[in-house]
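Structure data (CSV, C-alpha atoms and all ligand atoms) from data_7.csv:
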chain,number,residue,atom,x,y,z
A,215,MET,CA,-108.6,89.8,28.3
A,216,LEU,CA,-105.5,90.1,26.1
A,217,ASP,CA,-106.3,90.1,22.3
A,218,LEU,CA,-103.9,87.4,21.0
A,219,GLN,CA,-104.2,88.6,17.4
A,220,LYS,CA,-103.1,92.1,18.4
A,221,LEU,CA,-100.4,90.6,20.6
A,222,SER,CA,-99.0,88.6,17.6
A,223,LEU,CA,-99.0,91.8,15.5
A,224,ALA,CA,-97.4,93.8,18.2
A,225,ILE,CA,-94.6,91.2,18.7
A,226,ASN,CA,-94.1,91.1,14.9
A,227,ASN,CA,-93.8,95.0,14.9
A,228,THR,CA,-91.2,94.7,17.6
A,229,PHE,CA,-89.1,92.2,15.6
A,230,GLU,CA,-89.4,94.4,12.5
A,231,VAL,CA,-87.7,97.3,14.4
A,232,LEU,CA,-85.0,95.3,16.2
A,233,PRO,CA,-82.0,95.2,16.2
A,234,ALA,CA,-82.1,98.9,15.3
A,235,PRO,CA,-82.7,101.0,18.5
A,236,GLY,CA,-86.4,101.7,18.7
A,237,LEU,CA,-87.7,100.4,22.0
A,238,LEU,CA,-88.4,102.8,24.9
A,239,LEU,CA,-89.3,101.5,28.3
A,240,LEU,CA,-91.3,104.0,30.3
A,241,SER,CA,-91.0,103.5,34.1
A,242,ASP,CA,-93.0,105.2,36.7
A,243,ASP,CA,-92.7,104.8,40.5
A,244,GLY,CA,-95.5,107.2,41.3
A,245,ASN,CA,-93.1,110.1,41.9
A,246,LYS,CA,-90.9,110.1,38.8
A,247,LYS,CA,-91.1,108.8,35.3
A,248,ASN,CA,-88.1,107.8,33.2
A,249,LEU,CA,-87.4,106.7,29.7
A,250,ILE,CA,-84.6,104.2,28.7
A,251,THR,CA,-83.8,102.8,25.3
A,252,ILE,CA,-83.6,99.0,25.5
A,253,GLY,CA,-82.5,96.4,23.0
A,254,TRP,CA,-82.7,93.1,24.9
A,255,LEU,CA,-86.1,91.4,25.4
A,256,GLN,CA,-87.9,88.1,25.1
A,257,PHE,CA,-91.5,87.3,24.6
A,258,GLY,CA,-93.1,84.1,25.9
A,259,ASN,CA,-95.7,82.3,28.0
A,260,LEU,CA,-94.9,81.8,31.7
A,261,TRP,CA,-97.0,80.9,34.8
A,262,GLY,CA,-100.0,80.8,32.4
A,263,LYS,CA,-99.5,84.4,31.3
A,264,TRP,CA,-98.2,86.1,28.2
A,265,THR,CA,-95.0,87.7,29.3
A,266,VAL,CA,-92.0,89.8,28.3
A,267,ASN,CA,-88.5,89.6,29.8
A,268,VAL,CA,-86.4,92.8,29.8
A,269,PHE,CA,-82.9,93.2,31.1
A,270,ILE,CA,-81.9,96.4,33.0
A,271,ARG,CA,-78.4,96.9,34.4
A,272,GLN,CA,-78.1,97.8,38.0
A,273,SER,CA,-76.3,101.1,37.2
A,274,ARG,CA,-79.3,102.5,35.3
A,275,HIS,CA,-81.5,105.1,36.8
A,276,SER,CA,-84.4,103.0,35.4
A,277,PHE,CA,-83.3,100.1,37.7
A,278,LYS,CA,-84.0,102.3,40.8
A,279,ILE,CA,-87.4,103.4,39.5
A,280,LEU,CA,-88.4,99.9,38.4
A,281,ASN,CA,-87.6,98.6,41.9
A,282,ASN,CA,-90.4,100.8,43.3
A,283,SER,CA,-92.8,100.1,40.5
A,284,GLU,CA,-95.6,97.6,39.8
A,285,TYR,CA,-96.0,98.4,36.1
A,286,PHE,CA,-94.1,99.8,33.0
A,287,SER,CA,-94.8,100.3,29.3
A,288,LEU,CA,-92.8,99.2,26.3
A,289,ASN,CA,-93.1,101.6,23.4
A,290,ILE,CA,-91.9,101.0,19.9
A,291,LEU,CA,-91.0,104.1,17.9
A,292,GLU,CA,-90.2,104.4,14.2
A,293,PRO,CA,-86.4,104.3,14.4
A,294,GLN,CA,-85.7,106.9,11.7
A,295,LYS,CA,-88.4,109.3,12.6
A,296,TYR,CA,-87.6,109.3,16.3
A,297,ASN,CA,-83.9,108.7,16.1
A,298,ASN,CA,-83.1,111.8,18.2
A,299,GLN,CA,-85.4,110.8,21.0
A,300,ILE,CA,-84.2,107.2,21.0
A,301,THR,CA,-80.6,108.3,21.0
A,302,LEU,CA,-81.2,110.8,23.9
A,303,CYS,CA,-82.8,108.0,26.0
A,304,ALA,CA,-79.8,105.8,25.4
A,305,GLN,CA,-77.1,108.5,26.1
A,306,LYS,CA,-78.5,110.5,29.1
A,307,SER,CA,-79.3,109.2,32.5
A,308,GLY,CA,-82.6,110.0,34.2
A,309,GLN,CA,-80.5,110.5,37.4
A,310,THR,CA,-79.5,114.0,36.2
A,311,TYR,CA,-81.7,114.6,33.2
A,312,ASP,CA,-85.4,114.9,32.5
A,313,LYS,CA,-85.6,112.8,29.4
A,314,ILE,CA,-89.4,113.0,29.1
A,315,LYS,CA,-89.2,116.8,29.0
A,316,GLU,CA,-86.2,117.0,26.7
A,317,SER,CA,-87.4,114.4,24.3
A,318,GLY,CA,-90.6,116.3,23.7
A,319,LEU,CA,-92.5,113.0,23.6
A,320,THR,CA,-96.1,113.0,24.7
A,321,ILE,CA,-97.0,110.9,27.8
A,322,ILE,CA,-100.5,109.5,28.0
A,323,GLU,CA,-101.5,109.1,31.6
A,324,ASN,CA,-103.7,106.0,31.6
A,325,GLU,CA,-105.3,104.7,34.8
A,326,LYS,CA,-102.4,102.5,35.9
A,327,ILE,CA,-99.7,102.6,33.2
A,328,ALA,CA,-98.3,105.6,31.3
A,329,THR,CA,-97.5,105.2,27.6
A,330,ILE,CA,-96.0,107.3,24.8
A,331,ALA,CA,-98.5,108.8,22.3
A,332,GLU,CA,-96.0,108.7,19.4
A,333,ALA,CA,-95.4,104.9,19.7
A,334,GLN,CA,-96.6,102.8,16.8
A,335,THR,CA,-97.0,99.8,19.2
A,336,THR,CA,-97.2,99.8,23.0
A,337,PHE,CA,-97.2,96.9,25.5
A,338,GLU,CA,-98.7,97.6,29.0
A,339,CYS,CA,-96.9,95.4,31.5
A,340,LYS,CA,-97.2,94.3,35.1
A,341,ILE,CA,-94.0,93.2,36.9
A,342,LEU,CA,-94.1,89.6,38.1
A,343,ASN,CA,-90.5,88.8,39.1
A,344,LYS,CA,-87.1,90.4,39.2
A,345,THR,CA,-83.9,88.4,39.3
A,346,ILE,CA,-80.3,89.8,39.2
A,347,LEU,CA,-78.1,87.7,37.0
A,348,ASP,CA,-75.6,85.7,39.0
A,349,LYS,CA,-71.9,85.3,38.1
A,350,ALA,CA,-72.0,81.7,39.5
A,351,CYS,CA,-74.8,80.8,37.0
A,352,LEU,CA,-73.4,82.5,33.9
A,353,ALA,CA,-71.3,80.9,31.3
A,354,PRO,CA,-67.7,82.2,31.8
A,355,ASP,CA,-67.5,83.6,28.3
A,356,LEU,CA,-70.7,85.7,28.9
A,357,PHE,CA,-69.4,87.0,32.2
A,358,ASN,CA,-66.1,88.0,30.5
A,359,LYS,CA,-67.8,89.7,27.6
A,360,PHE,CA,-70.7,91.5,29.3
A,361,TYR,CA,-70.1,91.6,33.0
A,362,SER,CA,-66.4,92.0,33.8
A,363,ASN,CA,-67.3,95.2,35.6
A,364,GLU,CA,-70.0,93.3,37.7
A,365,ASP,CA,-72.7,95.6,36.4
A,366,PHE,CA,-75.2,92.7,36.1
A,367,HIS,CA,-78.5,93.0,34.4
A,368,GLN,CA,-81.7,92.5,36.4
A,369,LEU,CA,-84.0,90.2,34.5
A,370,ILE,CA,-87.6,91.6,34.9
A,371,THR,CA,-90.4,89.3,33.9
A,372,ALA,CA,-93.7,91.1,33.3
A,373,GLU,CA,-97.1,90.1,32.3
A,374,ILE,CA,-98.4,91.8,29.1
A,375,LEU,CA,-101.7,93.2,30.2
A,376,SER,CA,-102.7,94.9,26.9
A,377,VAL,CA,-101.2,96.0,23.6
A,378,LYS,CA,-102.0,99.1,21.5
A,379,ILE,CA,-101.2,99.2,17.8
B,401,LIG,C1,-79.5,100.1,21.2
B,401,LIG,C2,-79.4,100.2,22.7
B,401,LIG,C3,-80.0,99.2,23.4
B,401,LIG,C4,-79.8,99.3,24.8
B,401,LIG,N1,-80.4,98.3,25.6
B,401,LIG,C5,-80.3,98.3,26.9
B,401,LIG,C6,-80.9,97.2,27.7
B,401,LIG,O1,-81.5,96.3,27.2
B,401,LIG,N2,-80.7,97.3,29.0
B,401,LIG,C7,-80.0,98.3,29.7
B,401,LIG,O2,-79.9,98.3,30.9
B,401,LIG,N3,-79.5,99.3,29.0
B,401,LIG,C8,-79.6,99.3,27.6
B,401,LIG,N4,-79.0,100.3,26.9
B,401,LIG,C9,-78.3,101.5,27.5
B,401,LIG,C10,-79.3,102.5,28.1
B,401,LIG,O3,-80.2,102.9,27.2
B,401,LIG,C11,-78.5,103.7,28.6
B,401,LIG,O4,-77.5,103.4,29.5
B,401,LIG,C12,-79.4,104.8,29.3
B,401,LIG,O5,-78.7,106.0,29.3
B,401,LIG,C13,-79.8,104.5,30.7
B,401,LIG,O6,-80.8,105.4,31.1
B,401,LIG,P1,-81.2,105.6,32.7
B,401,LIG,O7,-79.9,105.7,33.5
B,401,LIG,O8,-82.0,106.9,32.7
B,401,LIG,O9,-82.0,104.4,33.0
B,401,LIG,C14,-79.1,100.3,25.5
B,401,LIG,C15,-78.6,101.3,24.7
B,401,LIG,C16,-78.7,101.2,23.3
B,401,LIG,C17,-78.0,102.3,22.4

Would it be possible to restate this file's structure as C-alpha cells?
Amino acid sequence: MLDLQKLSLAINNTFEVLPAPGLLLLSDDGNKKNLITIGWLQFGNLWGKWTVNVFIRQSRHSFKILNNSEYFSLNILEPQKYNNQITLCAQKSGQTYDKIKESGLTIIENEKIATIAEAQTTFECKILNKTILDKACLAPDLFNKFYSNEDFHQLITAEILSVKI
C-alpha cells in the first residue's frame, strides 16, 4: 500500500529540484539498464491509481529499453552534488555508452525495480500506458516549437508503486 504522506513529501522534493536538471530515469529491460536525465513529468491520479507521466522522445535509447519494460524508477539527485552524473546522462546515449558504469552511481537491485542508491528520493513505477504524441492532436505552435523534426515524445503513464525518501 502506497504511503500517501511519503508520496506527498517525495513529490514536494521533486518540485524543489525542478527545473534544475536532477531527475534520472533508470530503465531496465532485463538485458540492459540505462540512465536518462529527464525534465518533463506530471504527477496525478488516474484509473484509481497514483501516477506519473514522463515524456521520452523516440530517438532516445531509453525509448527502446522502455518499450520492452514493465517497470522503471525515477531518482532525484541533489543537482549540485551530482552535477557531473546528471550532465553525463543528458549528453551521452546509452546506445553507445554505458552510463551506469561511467557515472559511478550505485544501482540497487530490488526484486522488480532497480534504483539508485545516491538518490535522495526514489519513485518505483509500473508502466500502465504508452502513447506517442500525434501531430494531428497537437496545437500547431507546440508542433513548430518542439517537434518540427517529427521526433515526438512518447507519453508514458506509470503507477507509483512505492517511494523511498
Ligand atoms: C534538463 C534536461 C531535461 C531533459 N528531459 C528530457 C525528457 O524529459 N525527455 C527526453 O526524452 N529527453 C530529455 N532530455 C534529453 C536526454 O537526457 C538526452 O537526450 C539523453 O542523452 C538521452 O539518453 P539515451 O539516448 O541514453 O536515452 C533532457 C535533457 C536535459 C539536459

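Taking CA of Pro235 (chain A) and CA of Leu302 (chain A) as the two end points, the separation is 11.3 Å.
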
Practice item. Skip region 222-232 of chain A itself and residues of its chain fewer than 6 positions away, then list as a ChimeraX atom specification all residues within 12 Å of it, counting all atoms listed in the file. Key: /A:216,238,251-258,264-266,288-294,333-338,374,376-379

Would you mind exporting C-alpha atoms of the selected residues as a compact mmCIF listing (two decimals), in the frame of the given file?
# COMPACT_ATOMS: atom_id res chain seq x y z
CA LEU A 216 -105.50 90.10 26.10
CA LEU A 238 -88.40 102.80 24.90
CA THR A 251 -83.80 102.80 25.30
CA ILE A 252 -83.60 99.00 25.50
CA GLY A 253 -82.50 96.40 23.00
CA TRP A 254 -82.70 93.10 24.90
CA LEU A 255 -86.10 91.40 25.40
CA GLN A 256 -87.90 88.10 25.10
CA PHE A 257 -91.50 87.30 24.60
CA GLY A 258 -93.10 84.10 25.90
CA TRP A 264 -98.20 86.10 28.20
CA THR A 265 -95.00 87.70 29.30
CA VAL A 266 -92.00 89.80 28.30
CA LEU A 288 -92.80 99.20 26.30
CA ASN A 289 -93.10 101.60 23.40
CA ILE A 290 -91.90 101.00 19.90
CA LEU A 291 -91.00 104.10 17.90
CA GLU A 292 -90.20 104.40 14.20
CA PRO A 293 -86.40 104.30 14.40
CA GLN A 294 -85.70 106.90 11.70
CA ALA A 333 -95.40 104.90 19.70
CA GLN A 334 -96.60 102.80 16.80
CA THR A 335 -97.00 99.80 19.20
CA THR A 336 -97.20 99.80 23.00
CA PHE A 337 -97.20 96.90 25.50
CA GLU A 338 -98.70 97.60 29.00
CA ILE A 374 -98.40 91.80 29.10
CA SER A 376 -102.70 94.90 26.90
CA VAL A 377 -101.20 96.00 23.60
CA LYS A 378 -102.00 99.10 21.50
CA ILE A 379 -101.20 99.20 17.80

Within 9 Å of ligand LIG 401 (chain B), counting only C-alpha atoms and all ligand atoms, residues as an mmCIF file with C-alpha atoms, keeping the file's coordinate frame:
data_model
loop_
_atom_site.group_PDB
_atom_site.id
_atom_site.type_symbol
_atom_site.label_atom_id
_atom_site.label_comp_id
_atom_site.auth_asym_id
_atom_site.auth_seq_id
_atom_site.Cartn_x
_atom_site.Cartn_y
_atom_site.Cartn_z
ATOM 1 C CA LEU A 232 -85.000 95.300 16.200
ATOM 2 C CA PRO A 233 -82.000 95.200 16.200
ATOM 3 C CA ALA A 234 -82.100 98.900 15.300
ATOM 4 C CA PRO A 235 -82.700 101.000 18.500
ATOM 5 C CA GLY A 236 -86.400 101.700 18.700
ATOM 6 C CA LEU A 237 -87.700 100.400 22.000
ATOM 7 C CA LEU A 238 -88.400 102.800 24.900
ATOM 8 C CA ASN A 248 -88.100 107.800 33.200
ATOM 9 C CA LEU A 249 -87.400 106.700 29.700
ATOM 10 C CA ILE A 250 -84.600 104.200 28.700
ATOM 11 C CA THR A 251 -83.800 102.800 25.300
ATOM 12 C CA ILE A 252 -83.600 99.000 25.500
ATOM 13 C CA GLY A 253 -82.500 96.400 23.000
ATOM 14 C CA TRP A 254 -82.700 93.100 24.900
ATOM 15 C CA LEU A 255 -86.100 91.400 25.400
ATOM 16 C CA VAL A 268 -86.400 92.800 29.800
ATOM 17 C CA PHE A 269 -82.900 93.200 31.100
ATOM 18 C CA ILE A 270 -81.900 96.400 33.000
ATOM 19 C CA ARG A 271 -78.400 96.900 34.400
ATOM 20 C CA GLN A 272 -78.100 97.800 38.000
ATOM 21 C CA SER A 273 -76.300 101.100 37.200
ATOM 22 C CA ARG A 274 -79.300 102.500 35.300
ATOM 23 C CA HIS A 275 -81.500 105.100 36.800
ATOM 24 C CA SER A 276 -84.400 103.000 35.400
ATOM 25 C CA PHE A 277 -83.300 100.100 37.700
ATOM 26 C CA LYS A 278 -84.000 102.300 40.800
ATOM 27 C CA ILE A 279 -87.400 103.400 39.500
ATOM 28 C CA ILE A 300 -84.200 107.200 21.000
ATOM 29 C CA THR A 301 -80.600 108.300 21.000
ATOM 30 C CA LEU A 302 -81.200 110.800 23.900
ATOM 31 C CA CYS A 303 -82.800 108.000 26.000
ATOM 32 C CA ALA A 304 -79.800 105.800 25.400
ATOM 33 C CA GLN A 305 -77.100 108.500 26.100
ATOM 34 C CA LYS A 306 -78.500 110.500 29.100
ATOM 35 C CA SER A 307 -79.300 109.200 32.500
ATOM 36 C CA GLY A 308 -82.600 110.000 34.200
ATOM 37 C CA GLN A 309 -80.500 110.500 37.400
ATOM 38 C CA THR A 310 -79.500 114.000 36.200
ATOM 39 C CA TYR A 311 -81.700 114.600 33.200
ATOM 40 C CA ASP A 312 -85.400 114.900 32.500
ATOM 41 C CA LYS A 313 -85.600 112.800 29.400
ATOM 42 C CA PHE A 366 -75.200 92.700 36.100
ATOM 43 C CA HIS A 367 -78.500 93.000 34.400
ATOM 44 C CA GLN A 368 -81.700 92.500 36.400
#

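The coordinates place CA of Asn282 (chain A) at 15.1 Å from CA of Ala328 (chain A).
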
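Near (-69.3, 89.4, 33.1), the residues inside the 12 Å limit, counting only C-alpha atoms, come to Arg271, Leu347, Asp348, Lys349, Ala350, Cys351, Leu352, Ala353, Pro354, Asp355, Leu356, Phe357, Asn358, Lys359, Phe360, Tyr361, Ser362, Asn363, Glu364, Asp365, Phe366 and His367 of chain A.
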
Exercise for review: Could you tell me how far CA of Lys220 (chain A) lies from CA of Ile327 (chain A), in Å and to one decimal?
Suggested key: 18.5 Å

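You can rank A:Met215, A:Gln299, A:Lys340, A:Leu260 by their closest distance to Lys315 (chain A) using only C-alpha atoms, and at the top of that list sits A:Gln299.
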
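For the set A:Asn267, A:Glu373, A:Ser287, A:Asn245, the residue with the smallest atom-to-atom gap to Ile322 (chain A) is A:Ser287, counting only C-alpha atoms.
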
Write out N, CA and C atoms for region 282-297 of chain A, as a PDB file, in the frame of the given file.
ATOM      1  N   ASN A 282     -89.228 100.239  42.479  1.00  0.00           N
ATOM      2  CA  ASN A 282     -90.400 100.800  43.300  1.00  0.00           C
ATOM      3  C   ASN A 282     -91.641 100.801  42.427  1.00  0.00           C
ATOM      4  N   SER A 283     -91.687  99.998  41.384  1.00  0.00           N
ATOM      5  CA  SER A 283     -92.800 100.100  40.500  1.00  0.00           C
ATOM      6  C   SER A 283     -93.515  98.720  40.337  1.00  0.00           C
ATOM      7  N   GLU A 284     -94.786  98.790  40.021  1.00  0.00           N
ATOM      8  CA  GLU A 284     -95.600  97.600  39.800  1.00  0.00           C
ATOM      9  C   GLU A 284     -95.752  97.377  38.259  1.00  0.00           C
ATOM     10  N   TYR A 285     -95.670  98.471  37.507  1.00  0.00           N
ATOM     11  CA  TYR A 285     -96.000  98.400  36.100  1.00  0.00           C
ATOM     12  C   TYR A 285     -94.920  99.192  35.278  1.00  0.00           C
ATOM     13  N   PHE A 286     -94.871  98.930  33.978  1.00  0.00           N
ATOM     14  CA  PHE A 286     -94.100  99.800  33.000  1.00  0.00           C
ATOM     15  C   PHE A 286     -94.765  99.621  31.672  1.00  0.00           C
ATOM     16  N   SER A 287     -94.387 100.491  30.727  1.00  0.00           N
ATOM     17  CA  SER A 287     -94.800 100.300  29.300  1.00  0.00           C
ATOM     18  C   SER A 287     -93.612 100.170  28.438  1.00  0.00           C
ATOM     19  N   LEU A 288     -93.788  99.368  27.390  1.00  0.00           N
ATOM     20  CA  LEU A 288     -92.800  99.200  26.300  1.00  0.00           C
ATOM     21  C   LEU A 288     -93.335  99.886  25.109  1.00  0.00           C
ATOM     22  N   ASN A 289     -92.583 100.782  24.530  1.00  0.00           N
ATOM     23  CA  ASN A 289     -93.100 101.600  23.400  1.00  0.00           C
ATOM     24  C   ASN A 289     -92.175 101.487  22.228  1.00  0.00           C
ATOM     25  N   ILE A 290     -92.747 101.106  21.088  1.00  0.00           N
ATOM     26  CA  ILE A 290     -91.900 101.000  19.900  1.00  0.00           C
ATOM     27  C   ILE A 290     -92.122 102.214  19.027  1.00  0.00           C
ATOM     28  N   LEU A 291     -90.993 102.872  18.760  1.00  0.00           N
ATOM     29  CA  LEU A 291     -91.000 104.100  17.900  1.00  0.00           C
ATOM     30  C   LEU A 291     -90.378 103.799  16.583  1.00  0.00           C
ATOM     31  N   GLU A 292     -90.847 104.502  15.559  1.00  0.00           N
ATOM     32  CA  GLU A 292     -90.200 104.400  14.200  1.00  0.00           C
ATOM     33  C   GLU A 292     -88.767 104.829  14.367  1.00  0.00           C
ATOM     34  N   PRO A 293     -87.780 103.943  14.111  1.00  0.00           N
ATOM     35  CA  PRO A 293     -86.400 104.300  14.400  1.00  0.00           C
ATOM     36  C   PRO A 293     -85.880 105.545  13.674  1.00  0.00           C
ATOM     37  N   GLN A 294     -86.263 105.716  12.403  1.00  0.00           N
ATOM     38  CA  GLN A 294     -85.700 106.900  11.700  1.00  0.00           C
ATOM     39  C   GLN A 294     -86.376 108.181  12.124  1.00  0.00           C
ATOM     40  N   LYS A 295     -87.692 108.128  12.218  1.00  0.00           N
ATOM     41  CA  LYS A 295     -88.400 109.300  12.600  1.00  0.00           C
ATOM     42  C   LYS A 295     -88.086 109.848  13.972  1.00  0.00           C
ATOM     43  N   TYR A 296     -87.845 108.906  14.898  1.00  0.00           N
ATOM     44  CA  TYR A 296     -87.600 109.300  16.300  1.00  0.00           C
ATOM     45  C   TYR A 296     -86.171 109.010  16.739  1.00  0.00           C
ATOM     46  N   ASN A 297     -85.270 109.062  15.761  1.00  0.00           N
ATOM     47  CA  ASN A 297     -83.900 108.700  16.100  1.00  0.00           C
ATOM     48  C   ASN A 297     -83.300 109.627  17.178  1.00  0.00           C
TER      49      ASN A 297
END
